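Written out below as C-alpha cells is the structure these notes cover.
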Amino acid sequence: MSTEFNKLQSVKRRFFAMRNGIIADTMRRAGSPHRIVFGLNIPQIAEIARDSYGDVELACMLWENATTRESRLAAPMIMPPESMDMDMALSWANGVSGVEETDVLCHRLLRRLPFACELLERLVGEHSATYLTLRLAMNLLPTSADLALVLADKAKESQVRSEVALARQIKEEVEFLQG
C-alpha cells in the first residue's frame with residue numbers, strides 16, 4: 001500500500017528530513033517567534049521552495065502555517081510576484097513575525113512586485129518607520145532613496161536595535177549611491 005501526501009505534507013516531510021536539532025534548539029533559546037522550528041538554513045529552504053515555485057495555493061498554505069518557521073520562510077520563495085495583489089501583499093506584510101521573516105519576505109517577494117513602491121508608500125502610511133518599511137525601502141534602493149532617507153531619519157530615535165542598525169545602513173547606502 002503506497003501512501004500519498006498532499007503538497008503541504010510533502011514539503012513538511014522535506015523540512016523534517018533536513019532538520020537540524022542543534023540549530024533549532026539554539027533558535028528557540030534565542031527567542032524564535034515560531035512554535036515549530038526545524039533548524040533549516042536559508043539555502044536549504046530555498047532548495048525545497050525551488051521545486052514548488054509558482055504554486056500559489058501551496059505558498060498561501062505555507063504562509064497560513066504561522067507556527068512553523070520554515071513554512072513562513074518558504075512561502076515568499078514559492079509565491080510568484082505576478083500572482084500577488086495589493087491586498088494580499090498588505091496582509092502578508094502586516095502578518096510578519098520577526099526580523100528573519102521580514103527579511104525573507106521583503107527580499108524574496110515584496111521588492112519584486114510590480115507595485116512594490118506603491119506598497120511601500122501604503123505601508124509607511126500605516127506603520128511609519130518600522131523594520132518592515134525600512135527593509136523594503138532598503139530593497140528598493142535606489143528608486144526609493146528619498147523615502148528611505150526619511151524613514152531612516154525617523155528610525156534613528158527607535159528603541160529597536162534592528163531598526164536603528166538598518167536605518168544606519170540605509171543612510172550609508174544612499175550616500176554611496178549619491179557619490
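Chain identifiers are assigned as A, B, and so on, following the order in which chains appear in the C-alpha cells; residues are numbered from 1 within each chain, and ligands are numbered from 1 in order of appearance.
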All residues 8 Å or closer to stretch 10-15 of chain A, only C-alpha atoms, same chain fewer than 5 positions away omitted, as a VMD selection string: chain A and resid 5 38 40 45 48 70 to 71
Output the selection as an mmCIF file, in the first residue's frame - all heavy atoms for each residue.
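Okay, selection.cif is ready:
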```
data_model
loop_
_atom_site.group_PDB
_atom_site.id
_atom_site.type_symbol
_atom_site.label_atom_id
_atom_site.label_comp_id
_atom_site.auth_asym_id
_atom_site.auth_seq_id
_atom_site.Cartn_x
_atom_site.Cartn_y
_atom_site.Cartn_z
ATOM 1 N N PHE A 5 0.837 11.893 -0.171
ATOM 2 C CA PHE A 5 0.812 13.073 0.676
ATOM 3 C C PHE A 5 0.365 14.263 -0.152
ATOM 4 O O PHE A 5 0.696 14.369 -1.328
ATOM 5 C CB PHE A 5 2.206 13.352 1.258
ATOM 6 C CG PHE A 5 2.715 12.243 2.126
ATOM 7 C CD1 PHE A 5 3.633 11.333 1.631
ATOM 8 C CD2 PHE A 5 2.281 12.104 3.433
ATOM 9 C CE1 PHE A 5 4.104 10.302 2.427
ATOM 10 C CE2 PHE A 5 2.744 11.086 4.236
ATOM 11 C CZ PHE A 5 3.657 10.177 3.730
ATOM 12 N N PHE A 38 12.434 23.699 12.522
ATOM 13 C CA PHE A 38 13.177 22.526 12.074
ATOM 14 C C PHE A 38 14.683 22.787 12.029
ATOM 15 O O PHE A 38 15.467 21.855 11.958
ATOM 16 C CB PHE A 38 12.698 22.072 10.693
ATOM 17 C CG PHE A 38 11.338 21.450 10.704
ATOM 18 C CD1 PHE A 38 10.232 22.161 10.273
ATOM 19 C CD2 PHE A 38 11.140 20.151 11.145
ATOM 20 C CE1 PHE A 38 8.971 21.592 10.273
ATOM 21 C CE2 PHE A 38 9.888 19.568 11.152
ATOM 22 C CZ PHE A 38 8.796 20.293 10.721
ATOM 23 N N LEU A 40 16.384 24.479 9.598
ATOM 24 C CA LEU A 40 16.970 24.541 8.264
ATOM 25 C C LEU A 40 17.582 25.916 8.025
ATOM 26 O O LEU A 40 17.114 26.913 8.563
ATOM 27 C CB LEU A 40 15.905 24.286 7.197
ATOM 28 C CG LEU A 40 15.587 22.821 6.868
ATOM 29 C CD1 LEU A 40 14.972 22.107 8.046
ATOM 30 C CD2 LEU A 40 14.658 22.752 5.680
ATOM 31 N N ILE A 45 16.034 25.861 2.658
ATOM 32 C CA ILE A 45 14.630 26.232 2.444
ATOM 33 C C ILE A 45 14.423 26.645 0.993
ATOM 34 O O ILE A 45 13.442 26.253 0.353
ATOM 35 C CB ILE A 45 14.209 27.355 3.416
ATOM 36 C CG1 ILE A 45 14.290 26.855 4.861
ATOM 37 C CG2 ILE A 45 12.796 27.854 3.096
ATOM 38 C CD1 ILE A 45 14.184 27.943 5.905
ATOM 39 N N ILE A 48 14.160 23.599 -1.303
ATOM 40 C CA ILE A 48 12.837 22.977 -1.230
ATOM 41 C C ILE A 48 11.814 23.845 -1.963
ATOM 42 O O ILE A 48 10.979 23.337 -2.729
ATOM 43 C CB ILE A 48 12.423 22.761 0.249
ATOM 44 C CG1 ILE A 48 13.332 21.706 0.889
ATOM 45 C CG2 ILE A 48 10.946 22.365 0.361
ATOM 46 C CD1 ILE A 48 13.220 21.613 2.402
ATOM 47 N N GLU A 70 9.949 27.411 9.024
ATOM 48 C CA GLU A 70 10.322 27.086 7.647
ATOM 49 C C GLU A 70 9.168 27.290 6.673
ATOM 50 O O GLU A 70 9.396 27.679 5.519
ATOM 51 C CB GLU A 70 10.873 25.659 7.575
ATOM 52 C CG GLU A 70 12.261 25.498 8.174
ATOM 53 C CD GLU A 70 12.327 25.531 9.705
ATOM 54 O OE1 GLU A 70 11.261 25.499 10.364
ATOM 55 O OE2 GLU A 70 13.437 25.578 10.250
ATOM 56 N N SER A 71 7.936 27.082 7.120
ATOM 57 C CA SER A 71 6.774 27.336 6.260
ATOM 58 C C SER A 71 6.697 28.809 5.902
ATOM 59 O O SER A 71 6.494 29.176 4.740
ATOM 60 C CB SER A 71 5.478 26.917 6.958
ATOM 61 O OG SER A 71 5.425 25.533 7.135
#
```
A:Trp63 surroundings by only C-alpha atoms, 9 Å radius, close-in-sequence under 2 positions cut, as a PyMOL selection string: chain A and resi 58-61+65-66+71-76+92
Please produce a file of those selected residues containing N, CA, C and O atoms, as a compact mmCIF listing (two decimals), in the first residue's frame.
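File produced: selection.txt:
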```
# COMPACT_ATOMS: atom_id res chain seq x y z
N LEU A 58 0.02 26.43 -2.66
CA LEU A 58 0.97 25.95 -1.66
C LEU A 58 1.61 27.11 -0.91
O LEU A 58 1.75 27.06 0.32
N ALA A 59 1.96 28.17 -1.62
CA ALA A 59 2.55 29.34 -0.96
C ALA A 59 1.60 29.89 0.09
O ALA A 59 2.01 30.21 1.21
N CYS A 60 0.34 29.98 -0.25
CA CYS A 60 -0.66 30.50 0.71
C CYS A 60 -0.83 29.56 1.89
O CYS A 60 -0.94 30.01 3.04
N MET A 61 -0.85 28.26 1.64
CA MET A 61 -0.97 27.30 2.75
C MET A 61 0.23 27.40 3.69
O MET A 61 0.08 27.38 4.91
N ASN A 65 0.50 28.80 7.73
CA ASN A 65 1.07 27.93 8.77
C ASN A 65 2.06 28.74 9.62
O ASN A 65 3.25 28.51 9.63
N ALA A 66 1.53 29.73 10.34
CA ALA A 66 2.35 30.71 11.06
C ALA A 66 3.12 30.13 12.23
O ALA A 66 4.03 30.77 12.74
N SER A 71 7.94 27.08 7.12
CA SER A 71 6.77 27.34 6.26
C SER A 71 6.70 28.81 5.90
O SER A 71 6.49 29.18 4.74
N ARG A 72 6.87 29.66 6.92
CA ARG A 72 6.78 31.10 6.69
C ARG A 72 7.92 31.63 5.82
O ARG A 72 7.76 32.61 5.10
N LEU A 73 9.08 31.00 5.88
CA LEU A 73 10.20 31.42 5.06
C LEU A 73 10.10 30.89 3.64
O LEU A 73 10.55 31.55 2.69
N ALA A 74 9.53 29.72 3.46
CA ALA A 74 9.40 29.14 2.12
C ALA A 74 8.30 29.82 1.30
O ALA A 74 8.43 29.95 0.08
N ALA A 75 7.24 30.26 1.95
CA ALA A 75 6.10 30.83 1.22
C ALA A 75 6.48 31.96 0.27
O ALA A 75 6.10 31.94 -0.91
N PRO A 76 7.26 32.98 0.72
CA PRO A 76 7.63 34.05 -0.21
C PRO A 76 8.55 33.59 -1.34
O PRO A 76 8.64 34.24 -2.38
N TRP A 92 0.19 39.96 4.01
CA TRP A 92 1.42 39.26 4.35
C TRP A 92 2.36 40.19 5.11
O TRP A 92 2.96 39.79 6.11
```
Option closest in space to A:Arg19, from A:Asn41, A:Ser52, A:Gln159, A:Gln169 [counting only C-alpha atoms]: A:Asn41
Using only C-alpha atoms, what does the table of stretch 47-100 of chain A residues within 12 Å of stretch 124-139 of chain A look like, with each row giving the shortest atom pair and its distance in Å to one decimal, sorted by chain and ascending number, as CSV?
```
residue,atom,partner,partner_atom,distance
A:Leu90,CA,A:Glu126,CA,10.1
A:Trp92,CA,A:Leu132,CA,11.1
A:Ala93,CA,A:Leu132,CA,7.5
A:Asn94,CA,A:Leu132,CA,8.9
A:Gly95,CA,A:Leu132,CA,10.7
A:Val96,CA,A:Leu132,CA,8.6
A:Ser97,CA,A:Leu132,CA,10.2
A:Gly98,CA,A:Tyr131,CA,9.3
A:Val99,CA,A:Tyr131,CA,7.6
A:Glu100,CA,A:Leu132,CA,10.6
```
At most 12 Å is the cut-off: for each residue in stretch 106-161 of chain A with any atom that close to an atom of stretch 176-179 of chain A, write down the nearest atom pair and the distance in Å rounded to one decimal, counting only C-alpha atoms, chain first then increasing number, as CSV.
```
residue,atom,partner,partner_atom,distance
A:Leu141,CA,A:Leu177,CA,8.9
A:Pro142,CA,A:Leu177,CA,7.3
A:Thr143,CA,A:Leu177,CA,10.8
A:Ser144,CA,A:Leu177,CA,11.8
A:Ala145,CA,A:Leu177,CA,9.0
A:Asp146,CA,A:Gln178,CA,11.2
```
Using all heavy atoms, can you write the selected residues to a file as a CSV table (one decimal), in the first residue's frame?
```csv
chain,number,residue,atom,x,y,z
A,141,LEU,N,16.1,50.4,-3.0
A,141,LEU,CA,17.1,51.4,-3.4
A,141,LEU,C,17.6,51.1,-4.8
A,141,LEU,O,17.7,49.9,-5.1
A,141,LEU,CB,18.3,51.4,-2.4
A,141,LEU,CG,18.0,52.0,-1.0
A,141,LEU,CD1,19.2,51.9,-0.2
A,141,LEU,CD2,17.6,53.5,-1.1
A,142,PRO,N,17.9,52.0,-5.6
A,142,PRO,CA,17.9,53.5,-5.5
A,142,PRO,C,16.5,54.1,-5.8
A,142,PRO,O,16.4,55.3,-5.6
A,142,PRO,CB,19.0,53.9,-6.4
A,142,PRO,CG,18.9,53.0,-7.5
A,142,PRO,CD,18.6,51.6,-6.9
A,143,THR,N,15.5,53.4,-6.3
A,143,THR,CA,14.3,54.0,-6.7
A,143,THR,C,13.5,54.7,-5.5
A,143,THR,O,12.7,55.6,-5.8
A,143,THR,CB,13.3,53.0,-7.4
A,143,THR,OG1,13.1,51.9,-6.5
A,143,THR,CG2,13.9,52.5,-8.6
A,144,SER,N,13.8,54.3,-4.3
A,144,SER,CA,13.1,54.8,-3.2
A,144,SER,C,14.0,55.6,-2.2
A,144,SER,O,13.7,55.7,-1.0
A,144,SER,CB,12.3,53.7,-2.4
A,144,SER,OG,13.3,52.8,-1.8
A,145,ALA,N,15.1,56.1,-2.7
A,145,ALA,CA,16.1,56.7,-1.9
A,145,ALA,C,15.6,57.8,-1.0
A,145,ALA,O,15.9,57.9,0.2
A,145,ALA,CB,17.3,57.2,-2.7
A,146,ASP,N,14.8,58.7,-1.6
A,146,ASP,CA,14.2,59.8,-0.8
A,146,ASP,C,13.4,59.4,0.4
A,146,ASP,O,13.6,59.8,1.5
A,146,ASP,CB,13.4,60.8,-1.7
A,146,ASP,CG,14.3,61.5,-2.7
A,146,ASP,OD1,15.6,61.6,-2.4
A,146,ASP,OD2,13.8,62.0,-3.7
```
Pick from A:Ser91, A:Val37, A:Val164, A:Cys117, whichever lies nearest to A:Leu105 using only C-alpha atoms: A:Ser91
Residues within 12 Å of A:Glu82, only C-alpha atoms, excluding chain neighbours under 6 positions, as number ranges by chain: A: 54-56, 88-89, 109-116
As a PDB file with N, CA, C and O atoms, in the first residue's frame, please: the residues near A:Leu149 (cut-off 9 Å, only C-alpha atoms, same-chain neighbours under 6 positions excluded).
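Listed below is the output, result08.pdb:
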```pdb
ATOM      1  N   ALA A 137      12.244  49.476   1.927  1.00  0.00           N
ATOM      2  CA  ALA A 137      12.882  50.657   1.329  1.00  0.00           C
ATOM      3  C   ALA A 137      14.324  50.333   0.946  1.00  0.00           C
ATOM      4  O   ALA A 137      14.791  50.723  -0.136  1.00  0.00           O
ATOM      5  N   ALA A 167      18.515  51.556   9.664  1.00  0.00           N
ATOM      6  CA  ALA A 167      18.463  52.981   9.298  1.00  0.00           C
ATOM      7  C   ALA A 167      19.873  53.490   8.984  1.00  0.00           C
ATOM      8  O   ALA A 167      20.079  54.212   7.999  1.00  0.00           O
ATOM      9  N   ILE A 170      20.913  52.133   5.612  1.00  0.00           N
ATOM     10  CA  ILE A 170      20.241  52.844   4.526  1.00  0.00           C
ATOM     11  C   ILE A 170      20.962  54.160   4.238  1.00  0.00           C
ATOM     12  O   ILE A 170      21.240  54.485   3.081  1.00  0.00           O
ATOM     13  N   LYS A 171      21.270  54.893   5.280  1.00  0.00           N
ATOM     14  CA  LYS A 171      21.971  56.181   5.097  1.00  0.00           C
ATOM     15  C   LYS A 171      23.309  55.968   4.384  1.00  0.00           C
ATOM     16  O   LYS A 171      23.660  56.706   3.469  1.00  0.00           O
ATOM     17  N   VAL A 174      22.654  55.087   0.647  1.00  0.00           N
ATOM     18  CA  VAL A 174      22.205  56.246  -0.131  1.00  0.00           C
ATOM     19  C   VAL A 174      23.383  57.193  -0.372  1.00  0.00           C
ATOM     20  O   VAL A 174      23.572  57.692  -1.483  1.00  0.00           O
TER      21      VAL A 174
END
```
